[in-house]
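First comes the structure, then the notes that go with it.
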Amino acid sequence: MNLQTIIEKLDLALLTEEKNFSEIEITSGYMSDLLSCVMTGASPQSIWVTLIANINIVAVASLLEISAIIITENAQPDQATIDRANIEEIVLLSTPANSFDVVGHLWDLGVRD
């Protein structure tokens with residue numbers, strides 16, 4: 001599944017720089033608000049769903065080569081987090097939906113571990 005399809009189907013707001021999202025393949029997904037769990041459970045080229053919006057999500061995503069992060073419940077990262085995500089080439093997306101709903105939609109789209 002490519003990231004462009006996910007962005008369109010879930011009506012996600014882009015927080016970082018525009019890219020050719022149709023070329024970014026998402027191979028799996030992971031949902032957690034505990035960074036230690038993400039570090040042991042998420043896979044490269046995955047999409048991460050979380051309520052966390054601070055700069056630590058970018059560090060974890062970069063370390064694990066996570067392609068994109070969906071920040072739920074309209075939580076908004078500060079500009080330093082967005083800037084760092086752009087440098088690390090991590091796509092940050094936002095939605096008013098809660099994490100449970102987002103994961104359900106991703107599952108329906110075929111994003112599975």
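Residue numbering restarts at 1 for every chain of the structure tokens, chains are lettered A, B, ... in their displayed order, and ligands are numbered from 1 as they appear.
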Kindly assemble as a Markdown table a list of the range 56-104 of chain A residues that lie within 9 Å of range 43-48 of chain A, each paired with its nearest atom pair and their distance in Å to one decimal, using only C-alpha atoms, sorted first by chain and then by ascending residue number.
| residue | atom | partner | partner_atom | distance |
| --- | --- | --- | --- | --- |
| A:Ala61 | CA | A:Trp48 | CA | 8.3 |
| A:Leu64 | CA | A:Pro44 | CA | 5.7 |
| A:Glu65 | CA | A:Pro44 | CA | 4.7 |
| A:Ile66 | CA | A:Gln45 | CA | 5.0 |
| A:Ser67 | CA | A:Gln45 | CA | 5.0 |
| A:Ala68 | CA | A:Ile47 | CA | 4.9 |
| A:Ile69 | CA | A:Trp48 | CA | 4.7 |
| A:Ile70 | CA | A:Trp48 | CA | 6.1 |
| A:Ile71 | CA | A:Trp48 | CA | 8.5 |
* Please identify all polymer residues within 7 Å of Glu25 in chain A, counting only C-alpha atoms, omitting same-chain residues fewer than 2 positions from it, and present them as a PyMOL selection string. => chain A and resi 1-3+23+27+45
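For Ala53 in chain A, the set of protein, DNA and RNA residues having any atom at most 9 Å away, when counting only C-alpha atoms and skipping those fewer than 4 positions along the same chain, is Ile57, Ile71, Thr72, Ala75, Gln76, Pro77, Asp78 and Thr81 of chain A.
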* **Close residues, Ile87 in chain A itself excluded, 12 Å, only C-alpha atoms, min 6 positions apart in chain, as a ChimeraX atom specification** => /A:16-17,58-59,62,80-81
Keeping only C-alpha atoms, write the selected residues as a short mmCIF file (atom, residue, chain, number, x, y, z; two decimals), in the first residue's frame.
data_model
loop_
_atom_site.label_atom_id
_atom_site.label_comp_id
_atom_site.auth_asym_id
_atom_site.auth_seq_id
_atom_site.Cartn_x
_atom_site.Cartn_y
_atom_site.Cartn_z
CA THR A 16 5.70 18.03 6.92
CA GLU A 17 6.94 18.82 3.43
CA VAL A 58 10.97 11.68 15.16
CA ALA A 59 14.03 10.22 16.86
CA SER A 62 14.36 7.73 12.30
CA ALA A 80 10.94 22.12 16.05
CA THR A 81 9.42 18.63 15.76
#
* Give me the residues within 8 Å of Val103 in chain A as a PyMOL selection string, counting only C-alpha atoms and dropping any in the same chain fewer than 3 places off. => chain A and resi 31+49+99-100+106-107
Residues just named, written with N, CA and C atoms as a PDB file, in the first residue's frame:
ATOM      1  N   MET A  31       0.836   0.650  16.422  1.00  0.00           N
ATOM      2  CA  MET A  31       0.167   1.646  17.228  1.00  0.00           C
ATOM      3  C   MET A  31       0.606   1.520  18.671  1.00  0.00           C
ATOM      4  N   VAL A  49       0.990   4.878  14.424  1.00  0.00           N
ATOM      5  CA  VAL A  49      -0.164   5.645  14.898  1.00  0.00           C
ATOM      6  C   VAL A  49       0.048   5.941  16.375  1.00  0.00           C
ATOM      7  N   SER A  99      -6.932   6.949  17.893  1.00  0.00           N
ATOM      8  CA  SER A  99      -6.026   5.900  17.408  1.00  0.00           C
ATOM      9  C   SER A  99      -6.766   4.620  17.039  1.00  0.00           C
ATOM     10  N   PHE A 100      -7.764   4.248  17.810  1.00  0.00           N
ATOM     11  CA  PHE A 100      -8.528   3.033  17.543  1.00  0.00           C
ATOM     12  C   PHE A 100      -9.190   3.091  16.163  1.00  0.00           C
ATOM     13  N   LEU A 106      -6.901   1.552   8.764  1.00  0.00           N
ATOM     14  CA  LEU A 106      -5.683   0.992   8.148  1.00  0.00           C
ATOM     15  C   LEU A 106      -5.838  -0.509   7.918  1.00  0.00           C
ATOM     16  N   TRP A 107      -6.415  -1.189   8.881  1.00  0.00           N
ATOM     17  CA  TRP A 107      -6.655  -2.629   8.765  1.00  0.00           C
ATOM     18  C   TRP A 107      -7.570  -2.920   7.562  1.00  0.00           C
TER      19      TRP A 107
END
* **Those of chain A in DSSP strand (DSSP E), formatted as a PyMOL selection string** => chain A and resi 13-14+28-31+46-50+68-71+91-94
Same residues, C-alpha atoms, saved as a PDB file, in the first residue's frame:
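Ended up saving to result15.pdb:
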ATOM      1  CA  ALA A  13      -3.528  16.438   7.132  1.00  0.00           C
ATOM      2  CA  LEU A  14       0.109  16.737   6.072  1.00  0.00           C
ATOM      3  CA  SER A  28       3.077  -2.687   8.003  1.00  0.00           C
ATOM      4  CA  GLY A  29       1.663  -0.611  10.818  1.00  0.00           C
ATOM      5  CA  TYR A  30       2.162  -0.168  14.540  1.00  0.00           C
ATOM      6  CA  MET A  31       0.167   1.646  17.228  1.00  0.00           C
ATOM      7  CA  SER A  46       5.856   1.010   8.555  1.00  0.00           C
ATOM      8  CA  ILE A  47       3.314   3.622   9.557  1.00  0.00           C
ATOM      9  CA  TRP A  48       3.067   4.456  13.264  1.00  0.00           C
ATOM     10  CA  VAL A  49      -0.164   5.645  14.898  1.00  0.00           C
ATOM     11  CA  THR A  50       0.211   7.625  18.122  1.00  0.00           C
ATOM     12  CA  ALA A  68       5.318   7.983   8.453  1.00  0.00           C
ATOM     13  CA  ILE A  69       3.608   8.854  11.717  1.00  0.00           C
ATOM     14  CA  ILE A  70      -0.102   9.553  12.110  1.00  0.00           C
ATOM     15  CA  ILE A  71      -0.707  11.786  15.128  1.00  0.00           C
ATOM     16  CA  VAL A  91       6.294  12.152   7.157  1.00  0.00           C
ATOM     17  CA  LEU A  92       4.087  13.573   9.915  1.00  0.00           C
ATOM     18  CA  LEU A  93       0.331  13.388   9.429  1.00  0.00           C
ATOM     19  CA  SER A  94      -2.528  14.533  11.633  1.00  0.00           C
TER      20      SER A  94
END
* Rank nothing, just name the residue among A:His105, A:Leu35, A:Thr95, A:Ile6 nearest to Phe21 in chain A, using only C-alpha atoms. =>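 Looking at the shortest contact to Phe21 in chain A, the residue is A:Ile6.
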* To do: Find the residue from A:Val102, A:Asp33, A:Arg112, A:Asn56 that sits nearest to Lys9 in chain A; use only C-alpha atoms when measuring.
  =>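 Result for the nearest residue to Lys9 in chain A: A:Val102.
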* To do: Could you tell me which of A:Ile90, A:Asn74, A:Val60, A:Ala42 comes closest to Ile24 in chain A if we count only C-alpha atoms?
  =>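 Of A:Ile90, A:Asn74, A:Val60, A:Ala42, the one nearest Ile24 in chain A is A:Ile90, counting only C-alpha atoms.
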